[in-house]
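Peer 1: Structure in structure tokens, see below.
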Amino acid sequence: MIKEIHELLIEAAKDYKYLLNRGYPQKSSLDLVISRYRLSKYERLLLYRCVHSDDLCRIIKGKKVHPSDIKNQLLIIDGYNVLLTILTGIKREPLYLCDDGFLRDLRGAQPRSCEYDLLTQVAEFIKYSITKLKPRKVIIILDENVSRSKVHSEMLKQKIESKEYELEIKLCKKADKEALTIKEGIVSSSDIVILQHAEKVFDLAAFVINELKKRNFHIELYELKI
């Protein structure tokens, strides 16, 4: 079940989108709307991550591929971005379906040390979904500056490796830049920079979450309708 966001925040999102559509700078537009509606830091982050100009939304939606398009293709996964969105979902923390059609969380960019066991579950869910999507090769890119990234890399290789596709795990200084240097692949991320510059994109986190919902997992999912 997709839940609704309260009316005041929707009105703020509409005003923010209007300013973006008119070409006003992002930060000053966001500052103005936050001040006008007296929104919290959490609500500010929600608007920042989930509301974009109509032009940008059209561009991103035009790049987004259908799950059936993954078959026999190279799938490039922005590792921590996808892992942590799914992790947020299984922890029953809020996820947001944003105006560009991508699913996002509002947590930080690094897993906590106490979440390792949950990350292994997430890896198993990802493998299940990848097996359904049938890519020929999967590249998972991890930021090497994240604490325990090497441990996470080894765990992902163990949990996601399969005879049905080739798997490569890459540790890089900048996962977003690395993802964009790999040509002829479909990139899975909700990072707005990646979505703007990649040729083809896919929301693997949303695909996994939808598979979990079919298995009666309780997911706190909200849709930003503006």
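Residue numbering restarts at 1 for every chain of the structure tokens, chains are lettered A, B, ... in their displayed order, and ligands are numbered from 1 as they appear.
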When you look at Ile90 (chain A) with a cut-off of 9 Å (counting only C-alpha atoms), what residues show up, excluding the ones that are within fewer than 5 positions of it in the same chain? I need them as a ChimeraX atom specification.

Peer 2: /A:118,122,209,212,217-220

Peer 1: Can you tell me, as an mmCIF file with C-alpha atoms, in the first residue's frame, what residues are no more than 12 Å from Glu7 (chain A) when counting only C-alpha atoms, ignoring any on the same chain fewer than 5 positions away?

Peer 2:
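Output (result.cif):
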```
data_model
loop_
_atom_site.group_PDB
_atom_site.id
_atom_site.type_symbol
_atom_site.label_atom_id
_atom_site.label_comp_id
_atom_site.auth_asym_id
_atom_site.auth_seq_id
_atom_site.Cartn_x
_atom_site.Cartn_y
_atom_site.Cartn_z
ATOM 1 C CA ALA A 12 5.434 23.140 -0.402
ATOM 2 C CA ALA A 13 6.567 20.633 -3.040
ATOM 3 C CA LYS A 14 4.324 22.277 -5.639
ATOM 4 C CA TYR A 37 6.093 26.567 5.206
ATOM 5 C CA LEU A 224 4.893 12.368 -3.677
ATOM 6 C CA LYS A 225 1.964 13.351 -5.927
ATOM 7 C CA ILE A 226 2.453 16.898 -7.227
#
```

Peer 1: Using CA of Pro135 (chain A) and CA of Tyr165 (chain A) as the two end points, give the distance in Å to one decimal.

Peer 2: 6.5 Å

Peer 1: Give me every strand (DSSP E or B) residue in region 57-199 of chain A, going by DSSP on the backbone, as a VMD selection string.

Peer 2: chain A and resid 64 74 to 78 95 to 97 103 to 104 137 to 143 162 165 to 172 186 to 188

Peer 1: Since we have the selection now, will you write its residues out, keeping C-alpha atoms, as a PDB file, in the first residue's frame?

Peer 2:
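What landed in result25.pdb:
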```pdb
ATOM      1  CA  LYS A  64      14.378   4.498 -17.787  1.00  0.00           C
ATOM      2  CA  LEU A  74      25.253  -5.324 -18.777  1.00  0.00           C
ATOM      3  CA  LEU A  75      23.733  -4.118 -15.492  1.00  0.00           C
ATOM      4  CA  ILE A  76      25.825  -1.589 -13.550  1.00  0.00           C
ATOM      5  CA  ILE A  77      24.765  -1.159  -9.911  1.00  0.00           C
ATOM      6  CA  ASP A  78      25.608   1.874  -7.783  1.00  0.00           C
ATOM      7  CA  LEU A  95      10.732   5.145   1.242  1.00  0.00           C
ATOM      8  CA  TYR A  96       9.526   7.747  -1.233  1.00  0.00           C
ATOM      9  CA  LEU A  97       8.409   7.344  -4.841  1.00  0.00           C
ATOM     10  CA  LEU A 103      12.455   5.275  -5.299  1.00  0.00           C
ATOM     11  CA  ARG A 104      14.559   7.025  -2.645  1.00  0.00           C
ATOM     12  CA  LYS A 137      26.866  -9.432 -16.616  1.00  0.00           C
ATOM     13  CA  VAL A 138      26.535  -7.444 -13.373  1.00  0.00           C
ATOM     14  CA  ILE A 139      29.033  -4.866 -12.137  1.00  0.00           C
ATOM     15  CA  ILE A 140      28.530  -3.631  -8.573  1.00  0.00           C
ATOM     16  CA  ILE A 141      30.463  -0.465  -7.754  1.00  0.00           C
ATOM     17  CA  LEU A 142      31.232   0.406  -4.121  1.00  0.00           C
ATOM     18  CA  ASP A 143      32.770   3.562  -2.651  1.00  0.00           C
ATOM     19  CA  SER A 162      25.835 -17.102  -9.846  1.00  0.00           C
ATOM     20  CA  TYR A 165      25.576 -14.277 -15.111  1.00  0.00           C
ATOM     21  CA  GLU A 166      29.078 -12.857 -14.793  1.00  0.00           C
ATOM     22  CA  LEU A 167      29.682 -10.799 -11.629  1.00  0.00           C
ATOM     23  CA  GLU A 168      32.294  -8.129 -10.971  1.00  0.00           C
ATOM     24  CA  ILE A 169      32.641  -6.083  -7.767  1.00  0.00           C
ATOM     25  CA  LYS A 170      34.625  -2.845  -8.054  1.00  0.00           C
ATOM     26  CA  LEU A 171      35.911  -0.680  -5.207  1.00  0.00           C
ATOM     27  CA  CYS A 172      36.366   2.916  -6.397  1.00  0.00           C
ATOM     28  CA  ILE A 186      22.250   0.038 -17.952  1.00  0.00           C
ATOM     29  CA  VAL A 187      22.930   1.881 -14.699  1.00  0.00           C
ATOM     30  CA  SER A 188      20.918   1.253 -11.550  1.00  0.00           C
TER      31      SER A 188
END
```

Peer 1: Extract, using only C-alpha atoms, all DNA, RNA and protein residues at most 10 Å from region 195-199 of chain A, discarding same-chain residues fewer than 4 positions from it, and format them as an MDAnalysis selection string.

Peer 2: chainID A and resid 56:57 59:64 100 102 176:177 179:191

Peer 1: For the residues in that selection, give me N, CA and C atoms as a PDB file, in the first residue's frame.

Peer 2:
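Resulting contents of part33.pdb:
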```pdb
ATOM      1  N   LEU A  56      13.592  17.973 -16.176  1.00  0.00           N
ATOM      2  CA  LEU A  56      14.510  16.931 -15.706  1.00  0.00           C
ATOM      3  C   LEU A  56      13.777  15.602 -15.530  1.00  0.00           C
ATOM      4  N   CYS A  57      12.560  15.659 -15.014  1.00  0.00           N
ATOM      5  CA  CYS A  57      11.762  14.434 -14.852  1.00  0.00           C
ATOM      6  C   CYS A  57      11.524  13.756 -16.198  1.00  0.00           C
ATOM      7  N   ILE A  59      13.375  13.969 -18.899  1.00  0.00           N
ATOM      8  CA  ILE A  59      14.642  13.412 -19.377  1.00  0.00           C
ATOM      9  C   ILE A  59      14.930  12.068 -18.711  1.00  0.00           C
ATOM     10  N   ILE A  60      14.774  12.025 -17.390  1.00  0.00           N
ATOM     11  CA  ILE A  60      15.072  10.797 -16.647  1.00  0.00           C
ATOM     12  C   ILE A  60      14.095   9.679 -17.006  1.00  0.00           C
ATOM     13  N   LYS A  61      12.817  10.006 -17.075  1.00  0.00           N
ATOM     14  CA  LYS A  61      11.821   8.988 -17.425  1.00  0.00           C
ATOM     15  C   LYS A  61      12.046   8.447 -18.831  1.00  0.00           C
ATOM     16  N   GLY A  62      12.582   9.302 -19.706  1.00  0.00           N
ATOM     17  CA  GLY A  62      12.871   8.868 -21.069  1.00  0.00           C
ATOM     18  C   GLY A  62      14.036   7.894 -21.164  1.00  0.00           C
ATOM     19  N   LYS A  63      14.902   7.882 -20.155  1.00  0.00           N
ATOM     20  CA  LYS A  63      16.054   6.972 -20.120  1.00  0.00           C
ATOM     21  C   LYS A  63      15.745   5.659 -19.407  1.00  0.00           C
ATOM     22  N   LYS A  64      14.671   5.643 -18.651  1.00  0.00           N
ATOM     23  CA  LYS A  64      14.378   4.498 -17.787  1.00  0.00           C
ATOM     24  C   LYS A  64      13.908   3.301 -18.607  1.00  0.00           C
ATOM     25  N   ASP A 100      10.352  11.887 -10.380  1.00  0.00           N
ATOM     26  CA  ASP A 100      11.032  11.388 -11.579  1.00  0.00           C
ATOM     27  C   ASP A 100      10.844   9.886 -11.764  1.00  0.00           C
ATOM     28  N   PHE A 102      11.637   7.489  -9.544  1.00  0.00           N
ATOM     29  CA  PHE A 102      12.607   6.659  -8.823  1.00  0.00           C
ATOM     30  C   PHE A 102      12.325   6.627  -7.323  1.00  0.00           C
ATOM     31  N   ASP A 176      29.876   7.116  -8.388  1.00  0.00           N
ATOM     32  CA  ASP A 176      29.066   7.756  -9.422  1.00  0.00           C
ATOM     33  C   ASP A 176      29.874   7.999 -10.694  1.00  0.00           C
ATOM     34  N   LYS A 177      31.099   8.492 -10.545  1.00  0.00           N
ATOM     35  CA  LYS A 177      31.950   8.738 -11.714  1.00  0.00           C
ATOM     36  C   LYS A 177      32.321   7.438 -12.419  1.00  0.00           C
ATOM     37  N   ALA A 179      30.611   4.639 -12.460  1.00  0.00           N
ATOM     38  CA  ALA A 179      29.430   4.097 -13.141  1.00  0.00           C
ATOM     39  C   ALA A 179      29.230   4.739 -14.505  1.00  0.00           C
ATOM     40  N   LEU A 180      29.572   6.011 -14.605  1.00  0.00           N
ATOM     41  CA  LEU A 180      29.367   6.740 -15.856  1.00  0.00           C
ATOM     42  C   LEU A 180      30.478   6.506 -16.874  1.00  0.00           C
ATOM     43  N   THR A 181      31.594   5.933 -16.436  1.00  0.00           N
ATOM     44  CA  THR A 181      32.689   5.665 -17.380  1.00  0.00           C
ATOM     45  C   THR A 181      32.503   4.346 -18.120  1.00  0.00           C
ATOM     46  N   ILE A 182      31.621   3.491 -17.618  1.00  0.00           N
ATOM     47  CA  ILE A 182      31.391   2.185 -18.241  1.00  0.00           C
ATOM     48  C   ILE A 182      30.344   2.342 -19.339  1.00  0.00           C
ATOM     49  N   LYS A 183      30.720   2.076 -20.551  1.00  0.00           N
ATOM     50  CA  LYS A 183      29.833   2.297 -21.689  1.00  0.00           C
ATOM     51  C   LYS A 183      28.973   1.064 -21.989  1.00  0.00           C
ATOM     52  N   GLU A 184      27.864   1.332 -22.655  1.00  0.00           N
ATOM     53  CA  GLU A 184      26.963   0.293 -23.161  1.00  0.00           C
ATOM     54  C   GLU A 184      26.298  -0.525 -22.062  1.00  0.00           C
ATOM     55  N   GLY A 185      26.179   0.038 -20.882  1.00  0.00           N
ATOM     56  CA  GLY A 185      25.493  -0.655 -19.801  1.00  0.00           C
ATOM     57  C   GLY A 185      24.250   0.092 -19.361  1.00  0.00           C
ATOM     58  N   ILE A 186      23.430  -0.571 -18.570  1.00  0.00           N
ATOM     59  CA  ILE A 186      22.250   0.038 -17.952  1.00  0.00           C
ATOM     60  C   ILE A 186      22.592   0.275 -16.488  1.00  0.00           C
ATOM     61  N   VAL A 187      22.485   1.514 -16.045  1.00  0.00           N
ATOM     62  CA  VAL A 187      22.930   1.881 -14.699  1.00  0.00           C
ATOM     63  C   VAL A 187      21.755   1.897 -13.729  1.00  0.00           C
ATOM     64  N   SER A 188      21.936   1.244 -12.599  1.00  0.00           N
ATOM     65  CA  SER A 188      20.918   1.253 -11.550  1.00  0.00           C
ATOM     66  C   SER A 188      21.372   2.135 -10.399  1.00  0.00           C
ATOM     67  N   SER A 189      20.638   3.225 -10.179  1.00  0.00           N
ATOM     68  CA  SER A 189      20.926   4.169  -9.098  1.00  0.00           C
ATOM     69  C   SER A 189      19.762   5.139  -9.007  1.00  0.00           C
ATOM     70  N   SER A 190      19.635   5.804  -7.848  1.00  0.00           N
ATOM     71  CA  SER A 190      18.688   6.921  -7.743  1.00  0.00           C
ATOM     72  C   SER A 190      19.444   8.234  -7.583  1.00  0.00           C
ATOM     73  N   ASP A 191      20.771   8.183  -7.711  1.00  0.00           N
ATOM     74  CA  ASP A 191      21.609   9.376  -7.641  1.00  0.00           C
ATOM     75  C   ASP A 191      21.286  10.281  -8.826  1.00  0.00           C
TER      76      ASP A 191
END
```

Peer 1: Would you mind writing down, as number ranges by chain, each residue of region 76-200 of chain A that DSSP on the backbone assigns to helix (DSSP H, G or I)?

Peer 2: A: 79-90, 113-133, 149-160, 175-181, 192-197

Peer 1: Which residue, A:Arg215, A:Arg44, A:Lys159, A:Lys91, has the smallest gap to Thr120 (chain A) when you use only C-alpha atoms?

Peer 2: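 Checking each candidate against Thr120 (chain A), we get A:Lys159 as the closest.
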
Peer 1: Considering only C-alpha atoms, return as a VMD selection string whatever protein or nucleic-acid residues lie within 8 Å of region 30-32 of chain A, sequence-local ones (same chain, fewer than 3 positions apart) excluded.

Peer 2: chain A and resid 16 26 to 27 35 to 36 44 47 to 48

Peer 1: May I have the selected residues written with N, CA and C atoms, as a short mmCIF file (atom, residue, chain, number, x, y, z; two decimals), in the first residue's frame?

Peer 2:
```cif
data_model
loop_
_atom_site.label_atom_id
_atom_site.label_comp_id
_atom_site.auth_asym_id
_atom_site.auth_seq_id
_atom_site.Cartn_x
_atom_site.Cartn_y
_atom_site.Cartn_z
N TYR A 16 7.93 24.58 -4.71
CA TYR A 16 9.34 24.33 -5.01
C TYR A 16 9.50 23.92 -6.48
N GLN A 26 18.35 26.19 -7.33
CA GLN A 26 17.81 25.16 -6.45
C GLN A 26 17.87 25.55 -4.98
N LYS A 27 19.04 25.98 -4.51
CA LYS A 27 19.22 26.25 -3.09
C LYS A 27 18.35 27.40 -2.61
N SER A 35 11.34 28.16 4.49
CA SER A 35 11.01 29.28 5.38
C SER A 35 9.51 29.59 5.34
N ARG A 36 8.94 29.57 4.15
CA ARG A 36 7.51 29.89 3.98
C ARG A 36 6.62 28.89 4.70
N ARG A 44 12.91 19.12 4.48
CA ARG A 44 13.79 19.79 3.51
C ARG A 44 14.53 18.75 2.66
N LEU A 47 12.24 17.18 0.05
CA LEU A 47 12.06 18.02 -1.14
C LEU A 47 13.32 18.02 -2.00
N TYR A 48 14.47 18.11 -1.36
CA TYR A 48 15.74 18.18 -2.08
C TYR A 48 15.97 16.92 -2.92
#
```

Peer 1: Which of these residues is nearest to Thr85 (chain A), using only C-alpha atoms: A:Val65, A:Ala175, A:Leu119, A:Leu156?

Peer 2: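 The closest residue to Thr85 (chain A) is A:Leu119.
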
Peer 1: Quick one: of A:Thr131, A:Ser113, A:Ser28, A:Gln121, who's nearest to Ser149 (chain A), counting only C-alpha atoms?

Peer 2: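 For Ser149 (chain A), the nearest of the given residues is A:Ser113.
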
Peer 1: Determine the nearest neighbour of Tyr42 (chain A) from the options A:Arg107, A:His6, A:Arg92, A:Lys17, counting only C-alpha atoms.

Peer 2: A:Arg107

Peer 1: With distances taken over only C-alpha atoms, which residue among A:Tyr18, A:Tyr222, A:Tyr80, A:Tyr116 lies nearest His52 (chain A)?

Peer 2: A:Tyr18
